[in-house]
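Visitor: Would you mind keeping the following structure in view while I ask a few things?
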Amino acid sequence: MLVMIIAVAIILLIASQYKKSFRENHKMTVGQIFASKKGYGSRGNFGVDIQYKYFVNGHVQYASTRDRNLRFNTGQFMIGKYFPVLYKKTLFGYDETILITPSEFKSYGYAFPDSLRWIIKYIEN
């Protein structure tokens, strides 16, 4: 049992350090949403599954995420829209996150831009 507790503690420590490293050592670019659909799950807040692309050094990168802060019917209004993307090079490609809602901007220390205020009406309360 003690070995299991130590293993979980080590995993949590590594995950915490990785997240801190990403927050402190990322780059920013612009990404475009090209597909979205209602997210599925069993807890009531399904959110929106989002697929987006962004460019790094002239090469297109594709990524996806589920944003649980958004109402499930938001996706159709987001296709073709541009949002900031934070990314960091890893051994296997890139880790990235797209910033859409004010809370996402705040969690990375960025001010929410006026140009994205239109998304606020689609945020889940």
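Each chain in the structure tokens gets a letter, A, B and so on, in the order shown; residues start at 1 in every chain, and ligands are counted from 1 in the order they appear.
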According to DSSP computed on the backbone, where in stretch 25-115 of chain A is there helix (DSSP H, G or I)? Give the residues as a PyMOL selection string.
Guide: chain A and resi 72-78+102-107+114-115
Visitor: Stretch 38-121 of chain A: which residues are strand (DSSP E or B) by DSSP, as a short mmCIF file (atom, residue, chain, number, x, y, z; two decimals) with C-alpha atoms, in the first residue's frame?
Guide:
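Generated output (result_24.cif):
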data_model
loop_
_atom_site.label_atom_id
_atom_site.label_comp_id
_atom_site.auth_asym_id
_atom_site.auth_seq_id
_atom_site.Cartn_x
_atom_site.Cartn_y
_atom_site.Cartn_z
CA LYS A 38 -21.38 18.35 -29.13
CA VAL A 48 -17.99 21.09 -27.18
CA ASP A 49 -15.42 18.91 -28.96
CA ILE A 50 -13.23 21.24 -31.00
CA GLN A 51 -10.75 20.50 -33.77
CA TYR A 52 -8.34 23.24 -34.76
CA LYS A 53 -5.18 23.87 -36.70
CA TYR A 54 -2.26 26.20 -36.15
CA PHE A 55 1.08 26.85 -37.82
CA VAL A 56 4.57 26.46 -36.36
CA HIS A 59 4.03 23.66 -40.86
CA VAL A 60 0.42 23.02 -40.01
CA GLN A 61 -0.32 21.25 -36.73
CA TYR A 62 -3.71 19.72 -35.92
CA ALA A 63 -5.16 19.41 -32.45
CA SER A 64 -8.42 18.79 -30.66
CA THR A 65 -9.88 19.48 -27.26
CA ARG A 66 -13.12 19.39 -25.33
CA ASP A 67 -14.15 22.68 -23.81
CA LEU A 70 -19.00 26.18 -23.58
CA TYR A 82 -9.46 32.30 -34.86
CA PHE A 83 -8.23 31.98 -31.29
CA PRO A 84 -4.82 32.12 -29.60
CA VAL A 85 -3.01 28.80 -29.25
CA LEU A 86 -0.23 28.17 -26.76
CA TYR A 87 2.22 25.44 -27.72
CA LYS A 88 5.46 23.85 -26.62
CA LYS A 89 7.76 21.47 -28.51
CA THR A 90 8.03 17.99 -27.00
CA GLY A 93 5.57 16.79 -31.50
CA TYR A 94 3.77 19.57 -29.67
CA ASP A 95 1.65 20.09 -26.61
CA GLU A 96 -0.91 22.80 -27.15
CA THR A 97 -3.97 24.46 -25.75
CA ILE A 98 -6.41 26.83 -27.39
#
Visitor: Residues at most 12 Å from A:Trp118, counting only C-alpha atoms, excluding those fewer than 4 positions away in the same chain, as a VMD selection string?
Guide: chain A and resid 74 77 to 78 81 100 to 102 112 to 114 122 to 123
Visitor: Grab the atom CA of A:Gly109 to atom CA of A:Thr29 distance for me, in Å with one decimal place.
Guide: 15.6 Å
Visitor: Grab the atom CA of A:Glu104 to atom CA of A:Ser36 distance for me, in Å with one decimal place.
Guide: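 Result for atom CA of A:Glu104 versus atom CA of A:Ser36: 18.3 Å, one decimal.
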Visitor: Which of these residues is nearest to A:His26, using only C-alpha atoms: A:Ile6, A:Gly47, A:Tyr108, A:Gln76?
Guide: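 When distances to A:His26 are compared using only C-alpha atoms, the smallest one comes from A:Tyr108.
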